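The block underneath contains the structure these notes are about, expressed in structure tokens.
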Amino acid sequence: MSVPAFIDITEEDQASELRAYIKAKGAEISEENSEGGLHVDLAQIIEACDVCLKDDDKEVESVMNSIVSLLLILEAEKQETLIESLCEKLVKSREGERPSLRMQLLSNLFHGMDETAPVRYTVYCSLIKVATTCNAIAFIPTDLDQVRKWITDWNLNTEKKHTLLRLVYEALVECKKSLVVSSAQCIVRALKDPNTFLLDHLLALKPVRFLEGELLHDLLTIFVSAKLAAYVKFYQSNKDFIDSLGLNHEQNMAKMRLLTFMGMAVEFKEISFDTMQQELQLEEDQVEAFVIDAVRTKMVYCKIDQTQRKVIVSHSTHRTFGKQQWQQLYDSLSSWKGNLATVKTSLQTLSPSA
């Protein structure tokens with residue numbers, strides 16, 4: 001792997017440039033290279049590199065990658081202590097202090113090393129720790145088959161093997177918790193949004209499936225496919241839960257009335273006022289105003305027949321779109337295709353040149 005360097009010069013000059021840069025940022029380090037060689041220079045540079053991680057300067061990534069690139073050209077026996085020191089610096093940086101940069105540096109270091117180098121264990125553990133602090137575990141490799149291969153490649157002892165597997169497990173558990181929290185927030189935002197009516201896609205999301213059996217998942221399922229009566233029953237049993245989510249009961253009722261009406265409009269092309277009053281829990285004088293508001297959402301297209309006291313539906317959006325709806329769409333398109341073919345044949349019969 002090619003790691004971006006600070007500047008294309010000799011290793012000694014590169015170390016000198018790094019010293020000067022870090023010193024200019026306020027670190028206590030000499031600008032003169034050590035007589036002990038590159039590995040001593042790197043030890044001193046790594047010790048003082050904290051100042052770079054606190055800076056938003058665009059050059060910082062190149063500076064830190066330059067340190068990584070110098071580490072990778074050292075002999076293996078000189079790398080281990082320095083890599084451990086750099087990893088310790090990157091892991092101990094305060095939460096929120098350039099986490100994406102710290103992850104990128106560790107990733108560059110991890111992928112830049114020989115795959116069988118035992119010190120990759122330290123880098124990988126550090127990468128997991130940093131990713132966990134910023135909810136980014138999904139962006140690093142955690143496949144257990146791959147992890148087991150690394151355990152073999154790095155010839156880890158029992159203690160390190162257990163440490164690594166525990167880190168991976170805890171990171172994945174934390175990731176799942178984070179996903180569950182995020183999915184719950186997503187569901188609540190969707191339920192609150194007065195312009196969001198189609199929610200079935202949320203049920204297919206893996207993080208949402210983690211919530212199965214929870215009250216929030218039950219509530220989402222009601223908004224996806226159940227009727228108003230089901231919501232009212234749920235609310236009566238879980239009023240405190242609805243309030244704890246910050247949801248407004250009257251707004252929920254309004255949305256569920258529309259969703260229930262959409263389902264009715266898909267099933268029936270004519271709906272009596274009496275049926276609407278019963279299913280939507282409306283007073284007689286509320287029906288027409290409700291229909292007008294429903295049409296404004298463009299979820300249902302219909303007209304009111306005041307004489308017959310009914311609503312005539314021309315189109316309604318499906319609340320869910322699954323296999324049955326795809327089949328209906330296929331049948332409709334096939335029917336249109338057949339009708340067009342019939343029209344074409346008739347035209348050709350009337351006019352052979354058509």
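Following the order of the structure tokens, chains are lettered A, B, ..., residues in each are numbered from 1, and ligands are numbered from 1.
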
### Query
Can you list every residue in region 30-195 of chain A that DSSP puts in alpha helix (DSSP H), as number ranges by chain?
A: 38-48, 50-53, 59-72, 76-92, 99-112, 120-133, 144-153, 158-192

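Rounded to one decimal, CA of Val51 (chain A) and CA of Asn108 (chain A) lie 20.1 Å from each other.
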
Mind running region 44-102 of chain A against region 18-26 of chain A at 8 Å and telling me each contacting residue's nearest atom pair with the distance in Å (one decimal), counting only C-alpha atoms, chain and number ascending, as JSON lines?
```
{"residue": "A:Ile45", "atom": "CA", "partner": "A:Arg19", "partner_atom": "CA", "distance": 6.5}
{"residue": "A:Ala48", "atom": "CA", "partner": "A:Ile22", "partner_atom": "CA", "distance": 7.2}
{"residue": "A:Cys49", "atom": "CA", "partner": "A:Ile22", "partner_atom": "CA", "distance": 6.6}
{"residue": "A:Val51", "atom": "CA", "partner": "A:Lys25", "partner_atom": "CA", "distance": 6.5}
{"residue": "A:Cys52", "atom": "CA", "partner": "A:Ile22", "partner_atom": "CA", "distance": 7.1}
{"residue": "A:Val63", "atom": "CA", "partner": "A:Leu18", "partner_atom": "CA", "distance": 7.0}
```

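Picture a line from CA of Met256 (chain A) to CA of Asn195 (chain A); it runs 12.4 Å.
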
### Query
With only C-alpha atoms as the basis for distance, which of A:Ala294, A:Leu71, A:Leu228, A:Cys175 is at the shortest distance from Thr132 (chain A)?
A:Cys175

#### Entry: Between CA of Leu127 (chain A) and CA of Glu12 (chain A) - distance in Å to one decimal
28.6 Å

### Surrounding residues of Ala265 (chain A) excluding itself and chain neighbours under 6 positions, 12 Å, only C-alpha atoms, as a ChimeraX atom specification
/A:258-259,271-272,275-276,291,294-295,299-303,310-319

Would you export the selected residues with N, CA, C and O atoms as an mmCIF file, in the first residue's frame, please?
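Result went into again-v2.cif, see below:
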```
data_model
loop_
_atom_site.group_PDB
_atom_site.id
_atom_site.type_symbol
_atom_site.label_atom_id
_atom_site.label_comp_id
_atom_site.auth_asym_id
_atom_site.auth_seq_id
_atom_site.Cartn_x
_atom_site.Cartn_y
_atom_site.Cartn_z
ATOM 1 N N LEU A 258 -55.773 9.099 7.998
ATOM 2 C CA LEU A 258 -55.427 9.145 6.574
ATOM 3 C C LEU A 258 -54.924 7.791 6.095
ATOM 4 O O LEU A 258 -55.325 7.307 5.029
ATOM 5 N N LEU A 259 -54.040 7.166 6.877
ATOM 6 C CA LEU A 259 -53.495 5.866 6.486
ATOM 7 C C LEU A 259 -54.593 4.810 6.371
ATOM 8 O O LEU A 259 -54.597 3.984 5.448
ATOM 9 N N ILE A 271 -66.924 4.356 -1.033
ATOM 10 C CA ILE A 271 -66.964 4.218 0.424
ATOM 11 C C ILE A 271 -68.058 5.125 0.964
ATOM 12 O O ILE A 271 -68.050 6.334 0.710
ATOM 13 N N SER A 272 -68.969 4.549 1.697
ATOM 14 C CA SER A 272 -70.075 5.348 2.230
ATOM 15 C C SER A 272 -69.619 6.223 3.394
ATOM 16 O O SER A 272 -68.642 5.910 4.083
ATOM 17 N N THR A 275 -69.595 4.297 6.654
ATOM 18 C CA THR A 275 -68.409 3.460 6.861
ATOM 19 C C THR A 275 -67.224 4.299 7.299
ATOM 20 O O THR A 275 -66.462 3.910 8.196
ATOM 21 N N MET A 276 -67.078 5.467 6.697
ATOM 22 C CA MET A 276 -65.970 6.348 7.058
ATOM 23 C C MET A 276 -66.108 6.838 8.497
ATOM 24 O O MET A 276 -65.121 6.904 9.235
ATOM 25 N N VAL A 291 -62.087 14.434 3.858
ATOM 26 C CA VAL A 291 -61.805 14.002 2.482
ATOM 27 C C VAL A 291 -61.022 15.078 1.733
ATOM 28 O O VAL A 291 -60.066 14.781 1.002
ATOM 29 N N ALA A 294 -57.521 14.965 2.864
ATOM 30 C CA ALA A 294 -56.872 13.758 2.353
ATOM 31 C C ALA A 294 -56.436 13.943 0.903
ATOM 32 O O ALA A 294 -55.333 13.535 0.511
ATOM 33 N N VAL A 295 -57.290 14.559 0.098
ATOM 34 C CA VAL A 295 -56.960 14.800 -1.313
ATOM 35 C C VAL A 295 -55.771 15.747 -1.427
ATOM 36 O O VAL A 295 -54.925 15.596 -2.315
ATOM 37 N N MET A 299 -52.212 11.590 -1.555
ATOM 38 C CA MET A 299 -52.139 10.146 -1.309
ATOM 39 C C MET A 299 -53.382 9.435 -1.842
ATOM 40 O O MET A 299 -53.337 8.254 -2.162
ATOM 41 N N VAL A 300 -54.485 10.185 -1.924
ATOM 42 C CA VAL A 300 -55.761 9.644 -2.404
ATOM 43 C C VAL A 300 -56.387 10.648 -3.371
ATOM 44 O O VAL A 300 -56.367 11.853 -3.118
ATOM 45 N N TYR A 301 -56.917 10.120 -4.472
ATOM 46 C CA TYR A 301 -57.658 10.957 -5.421
ATOM 47 C C TYR A 301 -59.096 10.448 -5.447
ATOM 48 O O TYR A 301 -59.351 9.285 -5.759
ATOM 49 N N CYS A 302 -60.025 11.314 -5.087
ATOM 50 C CA CYS A 302 -61.420 10.896 -5.013
ATOM 51 C C CYS A 302 -62.323 12.120 -5.101
ATOM 52 O O CYS A 302 -61.855 13.259 -5.082
ATOM 53 N N LYS A 303 -63.622 11.864 -5.194
ATOM 54 C CA LYS A 303 -64.587 12.955 -5.193
ATOM 55 C C LYS A 303 -65.761 12.580 -4.290
ATOM 56 O O LYS A 303 -66.035 11.397 -4.031
ATOM 57 N N LYS A 310 -71.481 9.316 -0.283
ATOM 58 C CA LYS A 310 -70.378 8.377 -0.440
ATOM 59 C C LYS A 310 -69.191 9.075 -1.111
ATOM 60 O O LYS A 310 -69.325 10.173 -1.670
ATOM 61 N N VAL A 311 -68.060 8.427 -1.042
ATOM 62 C CA VAL A 311 -66.835 8.918 -1.682
ATOM 63 C C VAL A 311 -66.485 7.964 -2.812
ATOM 64 O O VAL A 311 -66.465 6.741 -2.624
ATOM 65 N N ILE A 312 -66.211 8.530 -3.997
ATOM 66 C CA ILE A 312 -65.863 7.718 -5.166
ATOM 67 C C ILE A 312 -64.358 7.869 -5.404
ATOM 68 O O ILE A 312 -63.862 8.967 -5.664
ATOM 69 N N VAL A 313 -63.654 6.765 -5.305
ATOM 70 C CA VAL A 313 -62.186 6.772 -5.378
ATOM 71 C C VAL A 313 -61.718 6.534 -6.810
ATOM 72 O O VAL A 313 -62.193 5.620 -7.479
ATOM 73 N N SER A 314 -60.790 7.360 -7.259
ATOM 74 C CA SER A 314 -60.177 7.127 -8.571
ATOM 75 C C SER A 314 -58.779 6.536 -8.436
ATOM 76 O O SER A 314 -58.318 5.791 -9.302
ATOM 77 N N HIS A 315 -58.093 6.851 -7.347
ATOM 78 C CA HIS A 315 -56.742 6.290 -7.131
ATOM 79 C C HIS A 315 -56.348 6.480 -5.673
ATOM 80 O O HIS A 315 -56.707 7.469 -5.035
ATOM 81 N N SER A 316 -55.590 5.506 -5.154
ATOM 82 C CA SER A 316 -55.021 5.629 -3.807
ATOM 83 C C SER A 316 -53.634 5.001 -3.785
ATOM 84 O O SER A 316 -53.404 3.957 -4.398
ATOM 85 N N THR A 317 -52.723 5.648 -3.069
ATOM 86 C CA THR A 317 -51.377 5.105 -2.909
ATOM 87 C C THR A 317 -51.411 3.917 -1.944
ATOM 88 O O THR A 317 -52.072 3.974 -0.908
ATOM 89 N N HIS A 318 -50.705 2.860 -2.292
ATOM 90 C CA HIS A 318 -50.610 1.701 -1.403
ATOM 91 C C HIS A 318 -49.758 2.048 -0.188
ATOM 92 O O HIS A 318 -48.683 2.629 -0.324
ATOM 93 N N ARG A 319 -50.210 1.650 0.984
ATOM 94 C CA ARG A 319 -49.435 1.884 2.202
ATOM 95 C C ARG A 319 -48.187 1.000 2.228
ATOM 96 O O ARG A 319 -47.153 1.386 2.782
#
```

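Restricting the calculation to only C-alpha atoms, the smallest distance between Glu80 (chain A) and any of A:Leu247, A:Val123, A:Leu179, A:Ile151 is found for A:Val123.
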
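Using only C-alpha atoms, the contacts of region 156-163 of chain A at a cut-off of 12 Å, with sequence neighbours closer than 4 positions omitted, comprise Thr116, Ala117, Pro118, Val119, Arg120, Tyr121, Thr122, Tyr124, Cys125, Ser126, Ile128, Val147, Arg148, Lys149, Trp150, Ile151, Thr152, Leu167, Val168, Tyr169 and Glu170 of chain A.
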
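Distances to Ser107 (chain A) were evaluated for A:Gln79, A:Ser335, A:Asn65, A:Asn135 using only C-alpha atoms, and the minimum falls at A:Asn65.
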
### Query
Quick one: of A:Lys54, A:His111, A:His39, A:Lys337, who's nearest to Ala27 (chain A), counting only C-alpha atoms?
A:Lys54

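Nearest to Leu245 (chain A) of all the residues A:Cys186, A:Leu198, A:Leu106, A:Val224 is A:Cys186, based on only C-alpha atoms.
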
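Omitting Ile140 (chain A) and its sequence neighbours fewer than 2 positions away, and counting only C-alpha atoms, the residues within 8 Å are Leu127, Ile128, Ala131, Ala136, Ile137, Ala138 and Thr142 of chain A.
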
Just to be explicit: take each residue in the selection above, keep all heavy atoms, and write the result as a short mmCIF file (atom, residue, chain, number, x, y, z; two decimals), in the first residue's frame.
```cif
data_model
loop_
_atom_site.label_atom_id
_atom_site.label_comp_id
_atom_site.auth_asym_id
_atom_site.auth_seq_id
_atom_site.Cartn_x
_atom_site.Cartn_y
_atom_site.Cartn_z
N LEU A 127 -7.28 0.32 16.32
CA LEU A 127 -8.27 0.72 15.32
C LEU A 127 -9.68 0.45 15.83
O LEU A 127 -10.59 1.28 15.69
CB LEU A 127 -8.01 -0.03 14.02
CG LEU A 127 -8.80 0.38 12.77
CD1 LEU A 127 -8.62 1.86 12.47
CD2 LEU A 127 -8.36 -0.46 11.59
N ILE A 128 -9.87 -0.70 16.47
CA ILE A 128 -11.19 -1.04 17.02
C ILE A 128 -11.57 -0.05 18.12
O ILE A 128 -12.71 0.42 18.19
CB ILE A 128 -11.18 -2.48 17.58
CG1 ILE A 128 -11.07 -3.49 16.44
CG2 ILE A 128 -12.45 -2.75 18.38
CD1 ILE A 128 -10.96 -4.92 16.91
N ALA A 131 -12.49 3.33 16.60
CA ALA A 131 -13.76 3.23 15.87
C ALA A 131 -14.95 3.15 16.82
O ALA A 131 -16.01 3.70 16.56
CB ALA A 131 -13.73 2.00 14.96
N ALA A 136 -17.97 4.06 14.55
CA ALA A 136 -17.55 3.81 13.16
C ALA A 136 -17.06 2.39 12.97
O ALA A 136 -16.31 2.10 12.03
CB ALA A 136 -16.46 4.81 12.76
N ILE A 137 -17.47 1.48 13.83
CA ILE A 137 -17.00 0.09 13.76
C ILE A 137 -17.39 -0.56 12.44
O ILE A 137 -16.71 -1.48 11.96
CB ILE A 137 -17.55 -0.73 14.95
CG1 ILE A 137 -16.77 -2.04 15.11
CG2 ILE A 137 -19.02 -1.00 14.81
CD1 ILE A 137 -15.35 -1.86 15.57
N ALA A 138 -18.47 -0.07 11.82
CA ALA A 138 -18.92 -0.65 10.55
C ALA A 138 -17.91 -0.42 9.42
O ALA A 138 -17.97 -1.09 8.39
CB ALA A 138 -20.28 -0.07 10.16
N THR A 142 -14.34 -6.66 10.47
CA THR A 142 -14.59 -7.42 11.70
C THR A 142 -15.12 -8.83 11.40
O THR A 142 -15.61 -9.49 12.30
CB THR A 142 -15.60 -6.68 12.60
OG1 THR A 142 -16.79 -6.40 11.83
CG2 THR A 142 -15.02 -5.39 13.15
#
```
